[in-house]
$ cat input_26.cif   # mmCIF, C-alpha atoms
data_work
#
loop_
_atom_site.group_PDB
_atom_site.id
_atom_site.type_symbol
_atom_site.label_atom_id
_atom_site.label_comp_id
_atom_site.auth_asym_id
_atom_site.auth_seq_id
_atom_site.Cartn_x
_atom_site.Cartn_y
_atom_site.Cartn_z
ATOM 1 C CA MET A 712 83.497 78.729 8.940
ATOM 2 C CA ASP A 713 80.548 76.500 9.623
ATOM 3 C CA GLU A 714 77.328 78.346 10.448
ATOM 4 C CA ASP A 715 76.514 75.974 13.321
ATOM 5 C CA PRO A 716 79.702 74.169 14.333
ATOM 6 C CA ILE A 717 78.141 72.677 17.473
ATOM 7 C CA ALA A 718 75.437 70.926 15.448
ATOM 8 C CA THR A 719 78.000 69.797 12.879
ATOM 9 C CA ILE A 720 80.256 68.284 15.552
ATOM 10 C CA LYS A 721 77.329 66.520 17.207
ATOM 11 C CA LYS A 722 76.235 65.127 13.848
ATOM 12 C CA TYR A 723 79.586 63.907 12.584
ATOM 13 C CA CYS A 724 81.399 63.000 15.805
ATOM 14 C CA GLY A 725 78.331 61.853 17.661
ATOM 15 C CA ASP A 726 75.782 60.343 15.277
ATOM 16 C CA MET A 727 78.178 59.352 12.486
ATOM 17 C CA GLY A 728 81.121 58.250 14.647
ATOM 18 C CA PHE A 729 83.881 60.479 13.292
ATOM 19 C CA LYS A 730 86.916 60.373 15.615
ATOM 20 C CA GLY A 731 88.040 64.020 15.585
ATOM 21 C CA ILE A 732 87.973 67.439 13.967
ATOM 22 C CA LYS A 733 90.544 69.472 12.083
ATOM 23 C CA LEU A 734 90.443 73.247 12.388
ATOM 24 C CA TYR A 735 92.269 75.704 10.145
ATOM 25 C CA PRO A 736 93.086 78.939 11.965
ATOM 26 C CA THR A 737 95.382 80.137 9.170
ATOM 27 C CA TYR A 738 92.695 79.701 6.508
ATOM 28 C CA ASN A 739 89.674 80.765 8.549
ATOM 29 C CA HIS A 740 91.553 83.676 10.143
ATOM 30 C CA PHE A 741 91.101 83.122 13.865
ATOM 31 C CA TYR A 742 93.466 82.794 16.789
ATOM 32 C CA PRO A 743 93.028 79.419 18.490
ATOM 33 C CA ASN A 744 92.584 81.082 21.889
ATOM 34 C CA GLU A 745 89.700 83.347 20.827
ATOM 35 C CA ALA A 746 86.667 83.111 23.102
ATOM 36 C CA LYS A 747 84.366 82.473 20.130
ATOM 37 C CA MET A 748 86.051 79.059 19.733
ATOM 38 C CA TYR A 749 85.569 77.983 23.342
ATOM 39 C CA PRO A 750 82.104 76.407 22.870
ATOM 40 C CA ILE A 751 83.632 74.115 20.228
ATOM 41 C CA TYR A 752 86.481 73.182 22.554
ATOM 42 C CA GLY A 753 84.094 72.576 25.429
ATOM 43 C CA LEU A 754 81.980 70.240 23.336
ATOM 44 C CA ALA A 755 85.022 68.382 21.992
ATOM 45 C CA GLN A 756 86.348 67.965 25.536
ATOM 46 C CA GLU A 757 82.940 66.735 26.734
ATOM 47 C CA MET A 758 82.688 64.260 23.828
ATOM 48 C CA GLY A 759 86.297 63.118 24.271
ATOM 49 C CA ILE A 760 87.268 63.867 20.681
ATOM 50 C CA PRO A 761 90.634 65.345 19.684
ATOM 51 C CA LEU A 762 91.060 68.573 17.781
ATOM 52 C CA LEU A 763 93.734 68.777 15.100
ATOM 53 C CA PHE A 764 94.830 72.298 14.198
ATOM 54 C CA HIS A 765 96.805 73.460 11.204
ATOM 55 C CA THR A 766 99.870 75.266 12.564
ATOM 56 C CA GLY A 767 102.745 77.072 10.923
ATOM 57 C CA SER A 768 103.088 78.177 7.353
ATOM 58 C CA SER A 769 101.018 77.273 4.314
ATOM 59 C CA VAL A 770 101.494 77.578 0.581
ATOM 60 C CA PHE A 771 97.802 78.122 -0.031
ATOM 61 C CA ARG A 772 96.509 81.498 -1.072
ATOM 62 C CA HIS A 773 94.792 83.614 1.579
ATOM 63 C CA ALA A 774 96.411 81.733 4.470
ATOM 64 C CA ARG A 775 97.550 84.123 7.188
ATOM 65 C CA LEU A 776 100.645 83.026 9.015
ATOM 66 C CA LYS A 777 99.936 84.975 12.206
ATOM 67 C CA TYR A 778 97.143 82.557 13.146
ATOM 68 C CA GLY A 779 99.428 79.518 12.953
ATOM 69 C CA ASN A 780 101.642 80.144 15.993
ATOM 70 C CA PRO A 781 101.439 77.263 18.505
ATOM 71 C CA ILE A 782 101.847 79.667 21.437
ATOM 72 C CA PHE A 783 98.075 80.284 21.361
ATOM 73 C CA PHE A 784 97.491 76.701 22.511
ATOM 74 C CA ASP A 785 98.911 77.582 25.907
ATOM 75 C CA ASP A 786 95.615 79.265 26.828
ATOM 76 C CA VAL A 787 93.494 76.535 25.264
ATOM 77 C CA ALA A 788 95.412 73.707 26.962
ATOM 78 C CA LEU A 789 95.095 75.396 30.359
ATOM 79 C CA ASP A 790 91.416 76.283 29.927
ATOM 80 C CA PHE A 791 90.531 72.792 28.609
ATOM 81 C CA PRO A 792 92.879 70.384 30.401
ATOM 82 C CA ASP A 793 91.039 67.275 29.186
ATOM 83 C CA LEU A 794 90.863 68.359 25.539
ATOM 84 C CA THR A 795 93.326 66.591 23.249
ATOM 85 C CA ILE A 796 95.041 69.181 21.050
ATOM 86 C CA VAL A 797 97.140 68.044 18.098
ATOM 87 C CA MET A 798 99.249 70.604 16.239
ATOM 88 C CA ALA A 799 99.489 69.536 12.591
ATOM 89 C CA HIS A 800 102.863 70.318 11.025
ATOM 90 C CA GLY A 801 104.381 71.154 14.421
ATOM 91 C CA GLY A 802 104.447 74.904 13.802
ATOM 92 C CA ARG A 803 106.010 74.394 10.356
ATOM 93 C CA GLY A 804 108.548 77.029 9.543
ATOM 94 C CA PRO A 805 109.045 79.623 12.234
ATOM 95 C CA TRP A 806 107.581 77.845 15.270
ATOM 96 C CA TYR A 807 109.039 74.383 15.823
ATOM 97 C CA GLU A 808 110.405 75.436 19.218
ATOM 98 C CA GLU A 809 107.054 76.913 20.280
ATOM 99 C CA ALA A 810 105.363 73.616 19.379
ATOM 100 C CA MET A 811 107.956 71.715 21.422
ATOM 101 C CA THR A 812 107.350 74.047 24.357
ATOM 102 C CA MET A 813 103.621 73.319 24.218
ATOM 103 C CA ILE A 814 104.132 69.542 24.359
ATOM 104 C CA ARG A 815 106.630 69.917 27.202
ATOM 105 C CA LEU A 816 104.229 72.046 29.255
ATOM 106 C CA HIS A 817 100.868 70.422 28.578
ATOM 107 C CA LYS A 818 99.884 66.776 28.991
ATOM 108 C CA ASN A 819 97.071 67.211 26.460
ATOM 109 C CA VAL A 820 99.059 68.703 23.549
ATOM 110 C CA TYR A 821 100.698 66.720 20.731
ATOM 111 C CA ILE A 822 102.596 67.340 17.489
ATOM 112 C CA ASP A 823 101.549 65.775 14.196
ATOM 113 C CA CYS A 824 104.603 65.792 11.946
ATOM 114 C CA CYS A 825 102.732 65.467 8.646
ATOM 115 C CA GLY A 826 103.741 67.611 5.718
ATOM 116 C CA LEU A 827 107.338 67.897 6.921
ATOM 117 C CA PRO A 828 110.422 66.386 5.280
ATOM 118 C CA VAL A 829 110.870 63.201 7.313
ATOM 119 C CA ARG A 830 114.679 63.271 7.187
ATOM 120 C CA LYS A 831 114.623 66.710 8.853
ATOM 121 C CA LEU A 832 112.427 65.774 11.825
ATOM 122 C CA PRO A 833 115.417 65.327 14.193
ATOM 123 C CA GLN A 834 116.684 68.749 13.091
ATOM 124 C CA TYR A 835 113.307 70.436 13.638
ATOM 125 C CA PHE A 836 112.592 68.519 16.862
ATOM 126 C CA PRO A 837 115.936 67.539 18.463
ATOM 127 C CA GLU A 838 114.100 65.935 21.402
ATOM 128 C CA ILE A 839 111.698 63.855 19.303
ATOM 129 C CA ASP A 840 113.044 60.585 20.722
ATOM 130 C CA ARG A 841 112.735 61.823 24.313
ATOM 131 C CA PHE A 842 109.193 63.135 23.747
ATOM 132 C CA SER A 843 108.077 60.422 21.328
ATOM 133 C CA ARG A 844 104.898 59.869 23.376
ATOM 134 C CA LYS A 845 103.782 63.356 22.223
ATOM 135 C CA PHE A 846 104.285 62.883 18.443
ATOM 136 C CA VAL A 847 101.933 61.491 15.805
ATOM 137 C CA PHE A 848 103.149 60.450 12.376
ATOM 138 C CA GLY A 849 101.308 61.683 9.330
ATOM 139 C CA THR A 850 102.157 61.969 5.666
ATOM 140 C CA ASP A 851 99.786 64.676 4.419
ATOM 141 C CA TRP A 852 98.637 62.112 1.869
ATOM 142 C CA PRO A 853 97.988 62.321 -1.060
ATOM 143 C CA GLN A 854 100.774 64.912 -1.396
ATOM 144 C CA VAL A 855 103.294 62.438 0.043
ATOM 145 C CA VAL A 856 103.632 58.732 -0.762
ATOM 146 C CA MET A 857 102.889 56.912 2.479
ATOM 147 C CA LYS A 858 105.217 53.901 2.113
ATOM 148 C CA GLU A 859 108.183 56.066 1.100
ATOM 149 C CA SER A 860 107.549 58.400 4.016
ATOM 150 C CA ILE A 861 107.370 55.520 6.511
ATOM 151 C CA ASP A 862 110.561 53.994 5.077
ATOM 152 C CA LYS A 863 112.378 57.323 5.479
ATOM 153 C CA PHE A 864 110.996 57.701 8.993
ATOM 154 C CA SER A 865 112.409 54.305 9.953
ATOM 155 C CA GLN A 866 115.878 55.566 8.982
ATOM 156 C CA ILE A 867 116.135 58.724 11.093
ATOM 157 C CA GLY A 868 117.687 57.013 14.098
ATOM 158 C CA LEU A 869 114.896 56.825 16.656
ATOM 159 C CA SER A 870 114.592 54.023 19.174
ATOM 160 C CA GLU A 871 112.265 51.138 18.346
ATOM 161 C CA ALA A 872 109.893 52.204 21.131
ATOM 162 C CA SER A 873 109.735 55.739 19.700
ATOM 163 C CA ARG A 874 109.089 54.474 16.164
ATOM 164 C CA VAL A 875 106.230 52.254 17.369
ATOM 165 C CA ALA A 876 104.697 55.092 19.397
ATOM 166 C CA ILE A 877 104.968 57.718 16.665
ATOM 167 C CA LEU A 878 103.953 55.471 13.746
ATOM 168 C CA GLY A 879 100.666 54.473 15.330
ATOM 169 C CA GLY A 880 100.664 53.858 19.054
ATOM 170 C CA ASN A 881 100.069 57.479 19.984
ATOM 171 C CA ALA A 882 97.357 57.933 17.340
ATOM 172 C CA ALA A 883 95.603 54.811 18.605
ATOM 173 C CA LYS A 884 95.520 56.286 22.120
ATOM 174 C CA ILE A 885 94.353 59.700 20.926
ATOM 175 C CA LEU A 886 91.627 58.258 18.692
ATOM 176 C CA LYS A 887 90.676 55.519 21.191
#
$ encode --input "input_26.cif" --output "structure tokens"
Amino acid sequence: MDEDPIATIKKYCGDMGFKGIKLYPTYNHFYPNEAKMYPIYGLAQEMGIPLLFHTGSSVFRHARLKYGNPIFFDDVALDFPDLTIVMAHGGRGPWYEEAMTMIRLHKNVYIDCCGLPVRKLPQYFPEIDRFSRKFVFGTDWPQVVMKESIDKFSQIGLSEASRVAILGGNAAKILK
């Protein structure tokens, strides 16, 4: 982890204009609702920048699955109601339903569906069309070819309004 994350956030998201931060609980071995993270969340909320968190499983060595459960965002979303929380990979693997529960319960929580097989999104998230305002499309590029992924996404049977929201409308709102 960064030695001085507050200074780093101020530098990159303040001075340099970066639009958000990605945190890796599974790789840095912390639970998202740990008190030691709260100063970071407070600053992000104050600055109006979203936080993207790796959730779910990972194929990378030394990743610890226990830190990737979306249930821990319940505390964070309640304690920081104006902080935008985006769950990358939507709890990939064991926790798709937990991720869905978080977006149902909290106005400030979203799912980024990057790194998931696009054709399986309706299987993993049966209510994706209904909750399309809470999903962000991502490819996990360069691991996935963007155009192919978008083409597959356009074939999974979502409404036009949902496709527009997920393919960019929601990200535009989150990133301002």
$ resolve_selection --input "input_26.cif" --expression "the PyMOL selection byres ((chain A and resi 747-753) around 8)" --output "number ranges by chain"
A: 716-717, 743-746, 754-757, 791, 794
$ resolve_selection --input "input_26.cif" --expression "the PyMOL selection byres ((chain A and resi 813) around 10)" --output "list in words"
Pro781, Ile782, Phe783, Phe784, Asp785, Ala788, Met798, Glu808, Glu809, Ala810, Met811, Thr812, Ile814, Arg815, Leu816, His817, Lys818, Asn819, Val820, Tyr821 and Ile822 of chain A
$ write_last_selection --input "input_26.cif" --atoms "C-alpha atoms" --output "mmCIF file, in the coordinates of the input"
data_model
loop_
_atom_site.group_PDB
_atom_site.id
_atom_site.type_symbol
_atom_site.label_atom_id
_atom_site.label_comp_id
_atom_site.auth_asym_id
_atom_site.auth_seq_id
_atom_site.Cartn_x
_atom_site.Cartn_y
_atom_site.Cartn_z
ATOM 1 C CA PRO A 781 101.439 77.263 18.505
ATOM 2 C CA ILE A 782 101.847 79.667 21.437
ATOM 3 C CA PHE A 783 98.075 80.284 21.361
ATOM 4 C CA PHE A 784 97.491 76.701 22.511
ATOM 5 C CA ASP A 785 98.911 77.582 25.907
ATOM 6 C CA ALA A 788 95.412 73.707 26.962
ATOM 7 C CA MET A 798 99.249 70.604 16.239
ATOM 8 C CA GLU A 808 110.405 75.436 19.218
ATOM 9 C CA GLU A 809 107.054 76.913 20.280
ATOM 10 C CA ALA A 810 105.363 73.616 19.379
ATOM 11 C CA MET A 811 107.956 71.715 21.422
ATOM 12 C CA THR A 812 107.350 74.047 24.357
ATOM 13 C CA ILE A 814 104.132 69.542 24.359
ATOM 14 C CA ARG A 815 106.630 69.917 27.202
ATOM 15 C CA LEU A 816 104.229 72.046 29.255
ATOM 16 C CA HIS A 817 100.868 70.422 28.578
ATOM 17 C CA LYS A 818 99.884 66.776 28.991
ATOM 18 C CA ASN A 819 97.071 67.211 26.460
ATOM 19 C CA VAL A 820 99.059 68.703 23.549
ATOM 20 C CA TYR A 821 100.698 66.720 20.731
ATOM 21 C CA ILE A 822 102.596 67.340 17.489
#
$ atom_distance --input "input_26.cif" --atom1 "CA of Val875 in chain A" --atom2 "CA of Leu832 in chain A"
15.9 Å
$ closest_residue --input "input_26.cif" --among "A:Ala718, A:Ala799, A:Cys724, A:Leu869" --to "Pro837 in chain A" --atoms "all atoms listed in the file"
A:Leu869
$ resolve_selection --input "input_26.cif" --expression "the PyMOL selection byres ((chain A and resi 765-772) around 7)" --output "list in words"
Leu734, Tyr735, Pro736, Leu763, Phe764, His773, Ala774, Leu776, Gly779, Asn780, Pro781, Met798, Ala799, His800, Gly801, Gly802, Arg803, Gly804, Pro805 and Trp806 of chain A
$ residues_around --input "input_26.cif" --residues "Thr719 in chain A" --least-positions-apart "6" --cutoff "12 Å" --atoms "only C-alpha atoms" --output "PyMOL selection string"
chain A and resi 712-713+725-727+729+731-732+751+754-755
$ residues_around --input "input_26.cif" --residues "Ile861 in chain A" --least-positions-apart "2" --cutoff "10 Å" --atoms "all atoms listed in the file" --output "number ranges by chain"
A: 829, 848-850, 856-859, 863-866, 874, 878
$ atom_distance --input "input_26.cif" --atom1 "CA of His740 in chain A" --atom2 "CA of Glu714 in chain A"
15.2 Å
$ atom_distance --input "input_26.cif" --atom1 "CA of Asp840 in chain A" --atom2 "CA of Ser870 in chain A"
6.9 Å
$ closest_residue --input "input_26.cif" --among "A:Ile839, A:Cys824, A:Ile885, A:Arg830" --to "Asp862 in chain A" --atoms "all atoms listed in the file"
A:Arg830
$ axis_aligned_box --input "input_26.cif" --around "range 882-885 of chain A" --padding-each-side "5 Å" --output "AutoDock Vina command-line options"
--center_x 95.9 --center_y 57.3 --center_z 19.7 --size_x 13.0 --size_y 14.9 --size_z 14.8
$ build_atoms --input "input_26.cif" --residues "range 724-754 of chain A" --atoms "N, CA and C atoms" --output "CSV table (one decimal), keeping the file's coordinate frame"
chain,number,residue,atom,x,y,z
A,724,CYS,N,80.6,63.7,14.8
A,724,CYS,CA,81.4,63.0,15.8
A,724,CYS,C,80.5,62.2,16.8
A,725,GLY,N,79.3,62.6,16.8
A,725,GLY,CA,78.3,61.9,17.7
A,725,GLY,C,77.6,60.8,16.8
A,726,ASP,N,76.6,61.2,16.0
A,726,ASP,CA,75.8,60.3,15.3
A,726,ASP,C,76.5,59.5,14.3
A,727,MET,N,77.5,60.1,13.6
A,727,MET,CA,78.2,59.4,12.5
A,727,MET,C,79.5,58.7,12.9
A,728,GLY,N,80.0,59.0,14.1
A,728,GLY,CA,81.1,58.2,14.6
A,728,GLY,C,82.5,58.7,14.2
A,729,PHE,N,82.6,59.9,13.6
A,729,PHE,CA,83.9,60.5,13.3
A,729,PHE,C,84.7,60.6,14.6
A,730,LYS,N,86.0,60.5,14.4
A,730,LYS,CA,86.9,60.4,15.6
A,730,LYS,C,87.6,61.7,16.0
A,731,GLY,N,87.4,62.7,15.2
A,731,GLY,CA,88.0,64.0,15.6
A,731,GLY,C,87.7,65.1,14.6
A,732,ILE,N,88.3,66.3,14.8
A,732,ILE,CA,88.0,67.4,14.0
A,732,ILE,C,89.3,68.1,13.6
A,733,LYS,N,89.4,68.6,12.4
A,733,LYS,CA,90.5,69.5,12.1
A,733,LYS,C,90.0,70.9,11.9
A,734,LEU,N,90.8,71.8,12.5
A,734,LEU,CA,90.4,73.2,12.4
A,734,LEU,C,91.6,74.0,11.7
A,735,TYR,N,91.3,75.0,11.0
A,735,TYR,CA,92.3,75.7,10.1
A,735,TYR,C,92.3,77.2,10.5
A,736,PRO,N,93.0,77.5,11.6
A,736,PRO,CA,93.1,78.9,12.0
A,736,PRO,C,93.7,79.8,10.9
A,737,THR,N,94.7,79.3,10.2
A,737,THR,CA,95.4,80.1,9.2
A,737,THR,C,94.5,80.4,8.0
A,738,TYR,N,93.6,79.5,7.7
A,738,TYR,CA,92.7,79.7,6.5
A,738,TYR,C,91.4,80.4,6.9
A,739,ASN,N,90.9,80.1,8.1
A,739,ASN,CA,89.7,80.8,8.5
A,739,ASN,C,89.9,82.0,9.4
A,740,HIS,N,91.1,82.4,9.5
A,740,HIS,CA,91.6,83.7,10.1
A,740,HIS,C,91.0,83.9,11.6
A,741,PHE,N,91.4,83.0,12.5
A,741,PHE,CA,91.1,83.1,13.9
A,741,PHE,C,92.3,82.7,14.7
A,742,TYR,N,92.5,83.3,15.9
A,742,TYR,CA,93.5,82.8,16.8
A,742,TYR,C,92.9,81.6,17.6
A,743,PRO,N,93.6,80.6,17.8
A,743,PRO,CA,93.0,79.4,18.5
A,743,PRO,C,92.5,79.7,19.9
A,744,ASN,N,93.0,80.8,20.5
A,744,ASN,CA,92.6,81.1,21.9
A,744,ASN,C,91.5,82.1,21.9
A,745,GLU,N,90.8,82.4,20.8
A,745,GLU,CA,89.7,83.3,20.8
A,745,GLU,C,88.5,82.7,21.5
A,746,ALA,N,87.8,83.6,22.3
A,746,ALA,CA,86.7,83.1,23.1
A,746,ALA,C,85.6,82.5,22.2
A,747,LYS,N,85.4,83.0,21.0
A,747,LYS,CA,84.4,82.5,20.1
A,747,LYS,C,84.6,81.0,19.8
A,748,MET,N,85.8,80.5,20.0
A,748,MET,CA,86.1,79.1,19.7
A,748,MET,C,85.8,78.2,20.9
A,749,TYR,N,85.7,78.8,22.1
A,749,TYR,CA,85.6,78.0,23.3
A,749,TYR,C,84.4,77.0,23.4
A,750,PRO,N,83.2,77.4,22.9
A,750,PRO,CA,82.1,76.4,22.9
A,750,PRO,C,82.5,75.1,22.1
A,751,ILE,N,83.2,75.3,21.0
A,751,ILE,CA,83.6,74.1,20.2
A,751,ILE,C,84.6,73.3,21.1
A,752,TYR,N,85.5,73.9,21.7
A,752,TYR,CA,86.5,73.2,22.6
A,752,TYR,C,85.8,72.5,23.7
A,753,GLY,N,84.8,73.2,24.3
A,753,GLY,CA,84.1,72.6,25.4
A,753,GLY,C,83.3,71.3,25.0
A,754,LEU,N,82.7,71.4,23.8
A,754,LEU,CA,82.0,70.2,23.3
A,754,LEU,C,82.9,69.1,23.0
